[in-house]
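Content type TSV, C-alpha atoms and all ligand atoms, from the file query-v1.tsv:
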```
chain	number	residue	atom	x	y	z
U	1	MET	CA	74.69	-5.05	118.76
U	2	THR	CA	72.96	-6.07	121.98
U	3	ILE	CA	75.37	-7.51	124.52
U	4	GLN	CA	74.03	-9.56	127.43
U	5	VAL	CA	76.24	-10.93	130.20
U	6	PHE	CA	74.93	-13.83	132.27
U	7	GLU	CA	76.03	-15.36	135.53
U	8	ASN	CA	77.41	-18.54	133.98
U	9	GLU	CA	77.54	-20.85	130.97
U	10	GLU	CA	74.24	-22.48	131.91
U	11	GLN	CA	72.42	-19.12	131.83
U	12	VAL	CA	73.99	-18.33	128.44
U	13	ALA	CA	72.62	-21.64	127.13
U	14	LEU	CA	69.14	-20.92	128.48
U	15	ALA	CA	69.13	-17.45	126.94
U	16	GLY	CA	70.31	-18.74	123.54
U	17	ALA	CA	67.66	-21.47	123.51
U	18	ALA	CA	64.98	-18.98	124.55
U	19	LEU	CA	65.80	-16.70	121.60
U	20	ILE	CA	65.56	-19.61	119.16
U	21	ALA	CA	62.36	-20.90	120.76
U	22	ALA	CA	60.80	-17.43	120.51
U	23	GLU	CA	61.66	-17.33	116.81
U	24	LEU	CA	60.10	-20.76	116.21
U	25	LEU	CA	56.93	-19.87	118.10
U	26	GLN	CA	56.57	-16.73	116.03
U	27	ASP	CA	57.33	-18.50	112.75
U	28	PRO	CA	57.23	-22.32	112.61
U	29	TYR	CA	58.89	-22.13	109.15
U	30	THR	CA	62.02	-20.53	110.60
U	31	VAL	CA	65.25	-21.26	108.71
U	32	LEU	CA	68.04	-21.83	111.24
U	33	GLY	CA	71.80	-21.61	110.71
U	34	LEU	CA	73.53	-23.99	113.10
U	35	PRO	CA	77.10	-23.93	114.40
U	36	THR	CA	79.23	-26.62	116.01
U	37	GLY	CA	81.83	-26.30	118.77
U	38	SER	CA	81.46	-26.83	122.49
U	39	THR	CA	79.68	-23.50	123.11
U	40	PRO	CA	76.32	-24.31	121.45
U	41	ILE	CA	76.00	-27.76	123.07
U	42	GLY	CA	74.11	-26.34	126.09
U	43	ILE	CA	71.79	-24.39	123.78
U	44	TYR	CA	71.02	-27.56	121.80
U	45	ARG	CA	70.44	-29.49	125.04
U	46	GLU	CA	67.91	-26.91	126.21
U	47	LEU	CA	66.16	-26.83	122.81
U	48	ILE	CA	65.84	-30.64	122.93
U	49	ARG	CA	64.35	-30.35	126.42
U	50	MET	CA	61.82	-27.76	125.22
U	51	PHE	CA	60.94	-29.98	122.24
U	52	GLU	CA	60.45	-33.01	124.52
U	53	ASN	CA	58.21	-30.92	126.77
U	54	GLY	CA	56.06	-29.91	123.81
U	55	VAL	CA	57.01	-26.25	123.96
U	56	ILE	CA	58.52	-26.07	120.46
U	57	SER	CA	58.47	-28.07	117.24
U	58	PHE	CA	60.88	-28.20	114.32
U	59	ALA	CA	58.38	-29.96	112.02
U	60	GLU	CA	58.18	-27.00	109.64
U	61	ALA	CA	61.60	-25.48	110.35
U	62	SER	CA	64.71	-25.87	108.20
U	63	ALA	CA	68.37	-26.09	109.12
U	64	PHE	CA	71.65	-25.27	107.43
U	65	ASN	CA	75.06	-25.66	109.04
U	66	LEU	CA	77.74	-23.05	109.25
U	67	ASP	CA	80.77	-25.06	108.21
U	68	GLU	CA	82.36	-28.47	107.72
U	69	TYR	CA	85.85	-29.94	107.49
U	70	ILE	CA	86.96	-31.02	104.04
U	71	GLY	CA	87.87	-34.69	103.79
U	72	LEU	CA	85.85	-36.06	106.71
U	73	ASP	CA	83.06	-38.51	106.02
U	74	PRO	CA	79.70	-37.26	107.45
U	75	ASP	CA	79.85	-40.33	109.73
U	76	HIS	CA	83.29	-39.43	111.08
U	77	GLU	CA	82.92	-38.60	114.77
U	78	GLN	CA	84.65	-35.24	114.34
U	79	SER	CA	82.75	-34.18	111.24
U	80	TYR	CA	80.34	-31.33	111.86
U	81	ASN	CA	77.58	-33.32	110.10
U	82	TYR	CA	78.01	-36.04	112.75
U	83	PHE	CA	78.22	-33.50	115.58
U	84	LEU	CA	74.99	-31.75	114.63
U	85	HIS	CA	73.09	-35.00	114.26
U	86	GLU	CA	74.39	-36.39	117.54
U	87	ASN	CA	73.94	-33.23	119.59
U	88	PHE	CA	70.76	-31.87	118.13
U	89	ILE	CA	69.09	-32.96	114.90
U	90	ASN	CA	68.55	-36.63	115.84
U	91	HIS	CA	66.76	-35.56	119.03
U	92	VAL	CA	64.15	-33.23	117.54
U	93	ASN	CA	61.64	-33.46	114.71
U	94	PHE	CA	63.17	-31.75	111.67
U	95	ARG	CA	61.99	-33.34	108.42
U	96	ALA	CA	65.01	-34.89	106.68
U	97	GLU	CA	64.32	-32.88	103.52
U	98	ASN	CA	64.49	-29.65	105.53
U	99	VAL	CA	68.02	-30.28	106.80
U	100	ARG	CA	70.79	-29.30	104.40
U	101	LEU	CA	74.30	-29.67	105.76
U	102	VAL	CA	77.25	-28.66	103.62
U	103	GLN	CA	79.29	-31.71	102.60
U	104	GLY	CA	83.05	-31.83	103.13
U	105	LEU	CA	83.36	-34.97	101.03
U	106	ALA	CA	81.73	-33.44	97.95
U	107	VAL	CA	83.62	-34.46	94.79
U	108	ASN	CA	84.01	-30.81	93.82
U	109	ALA	CA	84.18	-28.57	96.90
U	110	ASN	CA	83.76	-25.34	94.93
U	111	GLU	CA	80.63	-26.64	93.23
U	112	GLU	CA	79.29	-27.70	96.62
U	113	CYS	CA	79.86	-24.13	97.88
U	114	GLU	CA	77.88	-22.69	94.96
U	115	GLN	CA	75.09	-25.23	95.37
U	116	TYR	CA	74.95	-24.52	99.09
U	117	GLU	CA	74.48	-20.78	98.53
U	118	GLN	CA	71.73	-21.57	96.02
U	119	ASP	CA	70.01	-23.90	98.49
U	120	ILE	CA	70.04	-21.21	101.19
U	121	THR	CA	68.59	-18.71	98.73
U	122	ASP	CA	65.93	-21.21	97.62
U	123	ALA	CA	64.95	-21.72	101.28
U	124	GLY	CA	64.31	-17.98	101.53
U	125	GLY	CA	67.55	-17.17	103.41
U	126	ILE	CA	68.55	-17.78	107.02
U	127	ASP	CA	66.15	-16.30	109.58
U	128	LEU	CA	68.28	-16.90	112.66
U	129	GLN	CA	71.96	-17.70	112.56
U	130	LEU	CA	73.48	-19.02	115.77
U	131	LEU	CA	77.23	-18.51	116.10
U	132	GLY	CA	80.16	-19.31	118.33
U	133	ILE	CA	83.48	-17.54	117.96
U	134	GLY	CA	87.05	-18.79	117.59
U	135	ARG	CA	89.87	-17.58	119.86
U	136	ASN	CA	91.23	-15.62	116.89
U	137	GLY	CA	87.87	-13.97	116.16
U	138	HIS	CA	86.79	-16.40	113.44
U	139	ILE	CA	83.11	-17.06	112.81
U	140	GLY	CA	82.24	-20.29	111.06
U	141	PHE	CA	85.62	-20.99	109.55
U	142	ASN	CA	86.11	-17.43	108.31
U	143	GLU	CA	89.67	-16.98	109.50
U	144	PRO	CA	91.45	-13.65	110.04
U	145	ALA	CA	92.35	-12.43	106.56
U	146	ALA	CA	92.99	-9.37	104.44
U	147	TRP	CA	89.37	-9.24	103.26
U	148	PHE	CA	85.92	-10.52	104.19
U	149	GLU	CA	84.94	-13.57	102.11
U	150	LYS	CA	81.43	-13.04	100.85
U	151	THR	CA	79.90	-16.42	100.05
U	152	THR	CA	80.35	-20.07	101.04
U	153	HIS	CA	83.93	-20.98	100.21
U	154	VAL	CA	86.86	-23.33	100.78
U	155	VAL	CA	89.14	-22.21	103.63
U	156	ASP	CA	92.71	-23.03	104.65
U	157	LEU	CA	92.48	-23.29	108.43
U	158	ALA	CA	94.65	-21.00	110.56
U	159	ALA	CA	97.35	-22.57	112.74
U	160	ASP	CA	95.54	-21.31	115.87
U	161	THR	CA	92.29	-22.97	114.79
U	162	ILE	CA	94.05	-26.26	114.04
U	163	ALA	CA	95.69	-26.10	117.48
U	164	ALA	CA	92.42	-25.19	119.26
U	165	ASN	CA	90.43	-27.93	117.49
U	166	SER	CA	93.13	-30.60	117.95
U	167	ARG	CA	91.59	-31.30	121.37
U	168	PHE	CA	88.90	-33.26	119.56
U	169	PHE	CA	91.36	-35.39	117.55
U	170	ALA	CA	94.00	-37.95	118.58
U	171	ASN	CA	96.68	-35.40	117.67
U	172	GLU	CA	97.15	-32.17	115.73
U	173	ASP	CA	98.21	-34.02	112.55
U	174	GLU	CA	94.73	-35.52	112.29
U	175	VAL	CA	92.96	-32.15	112.18
U	176	PRO	CA	91.88	-31.43	108.58
U	177	ARG	CA	93.74	-28.46	107.04
U	178	GLN	CA	90.79	-27.23	105.03
U	179	ALA	CA	87.10	-26.62	105.51
U	180	ILE	CA	84.02	-25.25	103.77
U	181	SER	CA	82.45	-22.27	105.50
U	182	MET	CA	79.51	-20.00	104.96
U	183	GLY	CA	80.99	-16.66	103.94
U	184	ILE	CA	80.79	-13.45	105.94
U	185	GLY	CA	78.18	-12.25	103.43
U	186	THR	CA	76.15	-15.44	103.93
U	187	ILE	CA	76.20	-14.87	107.69
U	188	MET	CA	75.48	-11.14	107.42
U	189	ASP	CA	72.46	-11.89	105.20
U	190	ALA	CA	70.76	-13.69	108.10
U	191	GLU	CA	67.86	-11.72	109.48
U	192	LYS	CA	68.94	-12.26	113.09
U	193	ILE	CA	72.25	-13.38	114.56
U	194	VAL	CA	72.83	-14.78	118.04
U	195	LEU	CA	76.47	-15.28	119.07
U	196	ALA	CA	77.35	-17.10	122.28
U	197	ALA	CA	80.78	-17.18	123.92
U	198	THR	CA	81.98	-18.39	127.28
U	199	GLY	CA	85.32	-18.64	129.06
U	200	SER	CA	88.43	-16.48	129.30
U	201	SER	CA	89.98	-17.90	126.09
U	202	LYS	CA	87.34	-15.91	124.17
U	203	ALA	CA	87.76	-12.60	126.04
U	204	GLU	CA	90.22	-11.03	123.60
U	205	ALA	CA	88.18	-12.10	120.55
U	206	ILE	CA	85.07	-10.60	122.19
U	207	ARG	CA	86.92	-7.35	122.88
U	208	ALA	CA	88.10	-7.11	119.26
U	209	MET	CA	84.63	-8.02	117.97
U	210	CYS	CA	82.74	-5.46	120.08
U	211	LYS	CA	85.24	-2.66	120.63
U	212	GLY	CA	87.79	-3.00	117.85
U	213	ARG	CA	87.72	-1.65	114.32
U	214	ILE	CA	85.67	-3.48	111.72
U	215	ASP	CA	88.53	-5.36	110.19
U	216	PRO	CA	88.88	-8.76	108.46
U	217	ALA	CA	91.76	-9.42	110.88
U	218	CYS	CA	88.92	-10.07	113.35
U	219	PRO	CA	86.18	-11.51	111.10
U	220	ALA	CA	83.55	-11.27	113.87
U	221	SER	CA	84.00	-7.47	114.01
U	222	ILE	CA	81.73	-7.17	110.96
U	223	LEU	CA	78.82	-8.05	113.26
U	224	GLN	CA	79.00	-4.48	114.60
U	225	ILE	CA	77.09	-3.37	111.50
U	226	HIS	CA	74.50	-6.14	111.44
U	227	PRO	CA	71.10	-4.65	112.32
U	228	ASN	CA	69.97	-7.47	114.62
U	229	VAL	CA	72.71	-9.22	116.56
U	230	THR	CA	72.59	-10.43	120.15
U	231	ILE	CA	75.78	-11.44	121.95
U	232	LEU	CA	75.41	-13.79	124.93
U	233	LEU	CA	78.40	-13.94	127.25
U	234	ASP	CA	79.49	-15.28	130.61
U	235	PRO	CA	81.57	-12.97	132.84
U	236	ALA	CA	84.90	-14.53	131.74
U	237	ALA	CA	84.22	-13.94	128.04
U	238	ALA	CA	83.01	-10.40	128.83
U	239	ALA	CA	86.05	-9.55	130.97
U	240	LEU	CA	87.68	-7.15	128.46
U	241	ILE	CA	84.66	-5.15	127.35
U	301	LIG	C1	85.28	-24.04	115.35
U	301	LIG	C2	84.01	-23.76	114.53
U	301	LIG	C3	83.36	-22.47	114.91
U	301	LIG	C4	83.25	-22.35	116.42
U	301	LIG	C5	84.63	-22.37	117.03
U	301	LIG	C6	84.63	-22.24	118.54
U	301	LIG	O1	86.44	-23.62	114.76
U	301	LIG	N1	84.29	-23.76	113.12
U	301	LIG	O2	82.09	-22.38	114.28
U	301	LIG	O3	82.57	-21.18	116.77
U	301	LIG	O4	85.26	-23.59	116.69
U	301	LIG	O5	84.34	-23.45	119.13
U	301	LIG	P1	84.08	-23.66	120.67
U	301	LIG	O6	82.68	-23.26	120.91
U	301	LIG	O7	84.30	-25.13	120.90
U	301	LIG	O8	85.05	-22.81	121.39
```
Now, as a test, write the supplied structure out as structure tokens.
Amino acid sequence: MTIQVFENEEQVALAGAALIAAELLQDPYTVLGLPTGSTPIGIYRELIRMFENGVISFAEASAFNLDEYIGLDPDHEQSYNYFLHENFINHVNFRAENVRLVQGLAVNANEECEQYEQDITDAGGIDLQLLGIGRNGHIGFNEPAAWFEKTTHVVDLAADTIAANSRFFANEDEVPRQAISMGIGTIMDAEKIVLAATGSSKAEAIRAMCKGRIDPACPASILQIHPNVTILLDPAAAALI
């Protein structure tokens, strides 16, 4: 686990974008795993800037998303499908057929999970998975639990996650109670992982992830045994390590 602490959020975003750009330059066919949340927005902004300046292209790259709420239409403003299109995909040159986002409105969520795993396998697996982290140590929507979920699955969201994500909805009652998430195994199968976190609300989760025991009570702690993971932090998120 390589941990890098930057001066501020802006520097974290530049570093995250630089790692993704380096991957794309080395392999234009890179398969990316994309997260939502406020943390990656700066990384996406910088990647869009590099694309507009002709530094990188996504013409041959593919994208999968990390997770999605169950029950939200992909056009719903708070759906992760909508978020990724608005904040990233619509502004660069992915081919539509190379973007596969897991669907929270699938008629049969469990079948969608199985199909999603198959589609990732068929694409040759994720080359670079970008991650944020929840205040309770969740990655994707893998909530603290008694075991690590292996593959893409349906999740009951934790109360803390519903509370944290209610800031994007009119009120807490509107936050979906379930989601589909890549599993811990899906994430760990990625060749490279880059996790970004900023702000003091993430400090405890970062401490547990980097210094705690590998324990499904802090799902991100499993990253300690991934062979190629880079953690990008600002000083507030790094305060307890
Ligand atoms: C959500 C997402 C996660 C994300 C987390 C943190 O719950 N499912 O993938 O990492 O929020 O989001 P933020 O970056 O807004 O703090």
Contact table chain U vs ligand LIG 301 (chain U), cut-off 10 Å, shortest pair per residue, all atoms listed in the file, as CSV:
```
residue,atom,partner,partner_atom,distance
U:Leu34,CA,U:LIG301,O2,8.8
U:Pro35,CA,U:LIG301,O2,5.2
U:Thr36,CA,U:LIG301,O2,5.4
U:Gly37,CA,U:LIG301,O7,3.5
U:Ser38,CA,U:LIG301,O7,3.7
U:Thr39,CA,U:LIG301,O6,3.7
U:Pro40,CA,U:LIG301,O6,6.5
U:Ile41,CA,U:LIG301,O6,8.3
U:Asn65,CA,U:LIG301,O2,9.4
U:Leu66,CA,U:LIG301,O2,6.7
U:Asp67,CA,U:LIG301,N1,6.2
U:Glu68,CA,U:LIG301,N1,7.4
U:Tyr69,CA,U:LIG301,N1,8.5
U:Tyr80,CA,U:LIG301,N1,8.6
U:Leu130,CA,U:LIG301,O2,9.4
U:Leu131,CA,U:LIG301,O3,6.0
U:Gly132,CA,U:LIG301,O3,3.4
U:Ile133,CA,U:LIG301,O3,3.9
U:Gly134,CA,U:LIG301,C6,4.3
U:Arg135,CA,U:LIG301,C6,7.1
U:Asn136,CA,U:LIG301,C5,9.4
U:Gly137,CA,U:LIG301,O3,9.0
U:His138,CA,U:LIG301,C3,7.1
U:Ile139,CA,U:LIG301,O2,5.6
U:Gly140,CA,U:LIG301,O2,3.8
U:Phe141,CA,U:LIG301,N1,4.7
U:Asn142,CA,U:LIG301,N1,8.2
U:Glu143,CA,U:LIG301,O1,9.1
U:Leu157,CA,U:LIG301,O1,8.8
U:Ala158,CA,U:LIG301,O1,9.6
U:Asp160,CA,U:LIG301,O1,9.5
U:Thr161,CA,U:LIG301,O1,5.9
U:Ile162,CA,U:LIG301,O1,8.1
U:Ala163,CA,U:LIG301,O1,10.0
U:Ala164,CA,U:LIG301,O1,7.6
U:Asn165,CA,U:LIG301,O1,6.5
U:Arg167,CA,U:LIG301,O7,9.6
U:Phe168,CA,U:LIG301,O7,9.4
U:Ala179,CA,U:LIG301,N1,8.6
U:Ile180,CA,U:LIG301,N1,9.5
U:Ser181,CA,U:LIG301,N1,8.0
U:Met182,CA,U:LIG301,O2,10.0
U:Leu195,CA,U:LIG301,O3,8.8
U:Ala196,CA,U:LIG301,O6,8.3
U:Ala197,CA,U:LIG301,O6,7.0
U:Thr198,CA,U:LIG301,O8,8.0
U:Gly199,CA,U:LIG301,O8,8.7
U:Ser201,CA,U:LIG301,O8,8.4
U:Lys202,CA,U:LIG301,O8,7.8
```
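Checking U:Leu233, U:Leu105, U:Cys218, U:Ala208 one by one against Leu14 (chain U), counting all atoms listed in the file, you find the shortest gap at U:Leu233.
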Pick from U:Phe51, U:Tyr116, U:Tyr44, U:Phe58, whichever lies nearest to His85 (chain U) using only C-alpha atoms: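 Smallest separation from His85 (chain U) among the options: U:Tyr44.
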Between CA of Val31 (chain U) and CA of Leu72 (chain U), what distance in Å does the model show, to one decimal? 25.4 Å
Identify the residues around (75.5, -25.8, 98.9) within a radius of 10 Å, measuring from all atoms listed in the file in the coordinates stated by the file, and give them as an NGL selection string. :U and (64 or 100-103 or 106 or 109-121 or 152-153 or 180 or 182)
Could you work out how far CA of Gln224 (chain U) lies from CA of Val99 (chain U), giving the answer in Å with one decimal?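 Interatomic distance, CA of Val99 (chain U) to CA of Gln224 (chain U): 29.1 Å.
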When you draw a straight line from CA of Gly42 (chain U) to CA of Glu10 (chain U), how long is it in Å?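 Pair CA of Gly42 (chain U) / CA of Glu10 (chain U) returns 7.0 Å.
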Point out the residue among U:Asn93, U:Asn228, U:Ser62, U:Thr151 with the least atom-to-atom distance to Thr186 (chain U), counting all atoms listed in the file.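 Looking only at the distances to Thr186 (chain U), the closest residue turns out to be U:Thr151.
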Can you tell me which residues surround Met188 (chain U) at a distance of at most 8 Å, considering all atoms listed in the file, apart from same-chain residues fewer than 4 positions away, and format the answer as a PyMOL selection string? chain U and resi 184+223+226
Give me the residues within 12 Å of Leu24 (chain U) as a list in words, counting only C-alpha atoms and dropping any in the same chain fewer than 5 places off.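 Near neighbours after the sequence-gap exclusion: Ala17, Ala18, Leu19, Tyr29, Thr30, Val31, Leu32, Leu47, Met50, Phe51, Val55, Ile56, Ser57, Phe58, Ala59, Glu60, Ala61, Ser62, Asp127 and Leu128 of chain U.
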Using only C-alpha atoms, determine which residues lie at most 9 Å from region 229-232 of chain U, disregarding the query and same-chain residues fewer than 4 positions distant; provide the list as a VMD selection string. chain U and resid 1 to 6 12 to 13 15 to 16 191 to 198 223 to 225
So which one's closest to Gly125 (chain U), U:Ala159, U:Ile89, U:Ile70, U:Ala190? Using only C-alpha atoms, please.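 The answer is U:Ala190, which sits nearest to Gly125 (chain U).
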